[in-house]
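Asks: Pasting a structure here, questions to come.
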Amino acid sequence: MISNTKEVKALDFEISRSAEEKRELLYKDDICIGCGICEKTCPVDAIELGSIGAIVRTGADVPKIVCDEDKCVLCGMCSVVCPVDALEFKIDDESIKDMDEYPQLINSAEINDDTCIYCKACETACPRDSITIARDLPDRSKLVTGEIEIDKETCIDCGICEEMCPADAITMEHKLPTPDDPTVSSDIIVDKDKCVYCLICKKSCPVSAIKAACRTCSYGEYDLNPEDYKTTGSSFIDHETCVKCGWCQEICPVDAATVVKTFDGELSIDQDTCQACGACVDICPCNVLSFPESIKAGKRPEKVMSDENYCIYCGACESVCPVKAIDVKRTGIKHTPTKSKSWEKQIESLKT
Amino acid sequence: MEMELKVNQDNCLGCGVCVVACPVNASISNEVAGGHGSKTTETIMMVENGFIKLFSPEKCTKCGTCQLFCPTDAIWLE
Amino acid sequence: MPKHIVSGLKYLTAVELIREGYSQKEVAKILEMDRSTVSHYLNGRNLSWNSIEIAKKITEVCPKDFLILAYALMQDKARIVVKTCSVRDYKGIIKESCIGCGLCADICLMKAIVLNDLKAQIDSDWCCGCLICGESCPTNSIEILEVKNDF
């Protein structure tokens, strides 16, 4: 008879069935955010969310979800509703993300490279480390021009200029003196690609052996080519781990990042019930929740703060809260259309 | 996969940090939350005769807070 | 004995196909047999009436038993035999609760089910009424109706 096979690799699993077609469900635990949306959606109750609070906080070697291969019918619904790419579903080696008949959650995160100034604020802010900004800085030597010359006859090899140079542009070849060459340096070299013509060496030289002039200071910016002082680069978002939380969009100073979220909703915390255990803060994949810093001794701020700008309404905090102090409402869900009534119903049931 | 709350009395110092830190305990009894110790056995765990003891482990929601606070790994989820 | 039953079933199928208007050549191709064997069958040679009698009985048992028996005897070739010799016609109705998991399509020995827009579709021409698909359906979305009974 036809049955599923399951392969478990560390915390990951693969469930597959091969007959008329080959269906495979692949789970990656390191990408899973423990939100439990798959558990809620599974039409045959094959998925069970683990004790995610303990798993995430104590680093227990236990998968965040388990799937009973005897119950799973490999329909692919869990994969479609997963807010990250923790559950991948393939039919005959093709991902259902590439198949028109399967609905998809609508969400996106994009960085426009034409607008981006490569400040890396998004890379730092991203709670999932999904953003990589690679940047090429302008050539320092092209931004300032000038002239510098060291009169080696006058130079006494004291090394003061080498120590003072803020751009590390001066190097001396230090050595011990010998009877036939009683000097302490064999040469002094100025790297003109590094020199910024700040004239510190000239001013600090005890024997006035350095002649230097900055052309930019005297003549303004006449010789600067705008292309020369532009930082170029590229941005990359790892969509497997990106949760489309909106941190990059909020923090970007030039509005280069655009995020579209799947769910509309509302996050509320009952401050009276909350015991400030921090489970929600630890589980939130979007850095929405935090403990406020004390404003003043003797004054108590809120127990847990939230900024819904970054919330994706995945519900992980609600399910992890030991005292049910958190309520996550999903009021809207964006997805591509499906002709299947049961899929439509199951996806819509994620609204609360 | 549901985890289970476990204790090892041999490791326990009887400090009661877990009793106080546990958010479920705190919501059951204000006395526990205040660190006074409760006379009730309604709470998940309590220190009894100097050692931690589980009274109502079925109330545990597996948030892991006790394990994070315990200085001697005497209480944990497995 | 199984060999004789297979011959009997093939005989009944060949006769029925000819009655439906197929040529001997076409029948030979469908049943993957020599044309001469088909010809012999149709002329009532090389076959005991006993085998035909037993085969006839088999076609009349409940559809699931007929299919499973035929499949055990001749694997994929059983499809055409069951389709042709079945005395009843069925229509499969898929309810909207179908999630398109494809389990029925995988399990159907008649290969009568395909998925279309995340919903199973049953080809009435091939459905033999065995109900195996319905037993496997996780959402109880399959209904098989008997629409004709020549028995």
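The way I read the labels, and the way they are meant: chains A, B, ... in the order of the structure tokens, residue 1 as the first residue of every chain, and ligand 1 as the first ligand shown, with later ones counted on from there.
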As a list in words, list the residues of chain C assigned to strand (DSSP E) by DSSP on the backbone atoms of this structure.

Replies: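 Reading the DSSP output for chain C, strand (DSSP E) covers Arg88, Asp89, Tyr90, Lys91, Gly92, Ile93, Ile94, Ile113, Val114, Leu115, Asn116, Lys119, Ala120, Gln121, Ile122, Ile142, Glu143, Ile144, Leu145, Glu146, Val147, Lys148 and Asn149 of chain C.
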
Asks: Got time to write the residues from that selection, C-alpha atoms, as a PDB file, in the first residue's frame?

Replies:
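out-v2.pdb was written with the following content:
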```pdb
ATOM      1  CA  ARG C  88     -22.216  -1.064 -13.369  1.00  0.00           C
ATOM      2  CA  ASP C  89     -21.422   2.585 -14.113  1.00  0.00           C
ATOM      3  CA  TYR C  90     -20.299   5.039 -11.473  1.00  0.00           C
ATOM      4  CA  LYS C  91     -19.976   8.733 -11.078  1.00  0.00           C
ATOM      5  CA  GLY C  92     -17.569  10.270  -8.603  1.00  0.00           C
ATOM      6  CA  ILE C  93     -18.441  13.486  -6.862  1.00  0.00           C
ATOM      7  CA  ILE C  94     -15.703  15.446  -5.111  1.00  0.00           C
ATOM      8  CA  ILE C 113      -8.354  10.302 -10.593  1.00  0.00           C
ATOM      9  CA  VAL C 114      -6.378  13.404 -11.458  1.00  0.00           C
ATOM     10  CA  LEU C 115      -5.845  16.652  -9.586  1.00  0.00           C
ATOM     11  CA  ASN C 116      -7.049  19.867 -11.102  1.00  0.00           C
ATOM     12  CA  LYS C 119      -9.157  19.338  -6.353  1.00  0.00           C
ATOM     13  CA  ALA C 120      -9.463  15.700  -7.307  1.00  0.00           C
ATOM     14  CA  GLN C 121     -11.426  14.804 -10.433  1.00  0.00           C
ATOM     15  CA  ILE C 122     -12.815  11.357 -11.089  1.00  0.00           C
ATOM     16  CA  ILE C 142     -15.378  11.571  -2.151  1.00  0.00           C
ATOM     17  CA  GLU C 143     -18.819  10.305  -2.968  1.00  0.00           C
ATOM     18  CA  ILE C 144     -19.268   7.540  -5.525  1.00  0.00           C
ATOM     19  CA  LEU C 145     -22.719   7.098  -7.018  1.00  0.00           C
ATOM     20  CA  GLU C 146     -23.900   4.064  -8.938  1.00  0.00           C
ATOM     21  CA  VAL C 147     -25.596   5.474 -12.010  1.00  0.00           C
ATOM     22  CA  LYS C 148     -26.254   2.325 -14.022  1.00  0.00           C
ATOM     23  CA  ASN C 149     -26.568  -1.357 -13.199  1.00  0.00           C
TER      24      ASN C 149
END
```

Asks: Provide as a CSV table (one decimal) with C-alpha atoms, in the first residue's frame the residues of chain B at most 8 Å from chain A, counting only C-alpha atoms.

Replies:
```csv
chain,number,residue,atom,x,y,z
B,1,MET,CA,6.6,17.1,21.2
B,2,GLU,CA,5.5,18.1,24.7
B,3,MET,CA,8.4,18.6,27.2
B,21,ALA,CA,10.5,33.5,38.9
B,22,CYS,CA,7.8,31.1,37.6
B,23,PRO,CA,5.2,33.3,35.8
B,24,VAL,CA,2.5,30.8,36.4
B,26,ALA,CA,3.1,34.4,40.3
B,27,SER,CA,-0.3,34.4,38.6
B,60,CYS,CA,3.4,24.2,33.7
B,61,THR,CA,3.3,25.9,30.3
B,62,LYS,CA,6.9,25.0,29.5
B,63,CYS,CA,8.2,28.6,29.1
B,64,GLY,CA,11.6,27.7,30.5
B,65,THR,CA,11.8,30.6,33.0
B,67,GLN,CA,15.5,26.7,34.1
B,68,LEU,CA,16.9,30.1,33.1
B,77,LEU,CA,12.5,20.9,30.9
B,78,GLU,CA,13.1,17.7,29.0
```

Asks: Using only C-alpha atoms and a distance of at most 10 Å, pull out the residues of chain A that contact chain C, as a VMD selection string.

Replies: chain A and resid 1 to 3 17 to 23 43 to 44 71 to 77 100 to 103 338 to 346

Asks: For stretch 52-67 of chain C, find every residue with an atom within 12 Å (counting only C-alpha atoms), except residues of its own chain fewer than 4 positions away, and show them as an MDAnalysis selection string.

Replies: chainID C and resid 1:15 41 44:48 71:90 108:110 126:135 146 149:151

Asks: So that I can see what lies close to A:Thr145, please list as a list in words the residues with an atom at most 8 Å from it, counting only C-alpha atoms and leaving out residues fewer than 6 positions away in the same chain.

Replies: Val196, Tyr197, Cys214, Arg215 and Thr216 of chain A

Asks: Report, in Å to a single decimal, how far apart atom CA of A:Asp255 and atom CA of A:Cys116 are.

Replies: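 It comes out at 8.0 Å.
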
Asks: To one decimal in Å, tell me the separation between atom CA of A:Ile111 and atom CA of A:Val281.

Replies: 27.2 Å

Asks: Just give me the gap between atom CA of A:Glu94 and atom CA of A:Gly34 in Å, one decimal is fine.

Replies: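 Computed distance, atom CA of A:Glu94 to atom CA of A:Gly34, equals 25.6 Å.
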
Asks: Here is a test: counting only C-alpha atoms, which residue of B:Asp10, B:Thr43, B:Gly34, B:Cys15 is nearest to B:Glu58?

Replies: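 Going through B:Asp10, B:Thr43, B:Gly34, B:Cys15 one by one, the smallest distance to B:Glu58 is for B:Thr43.
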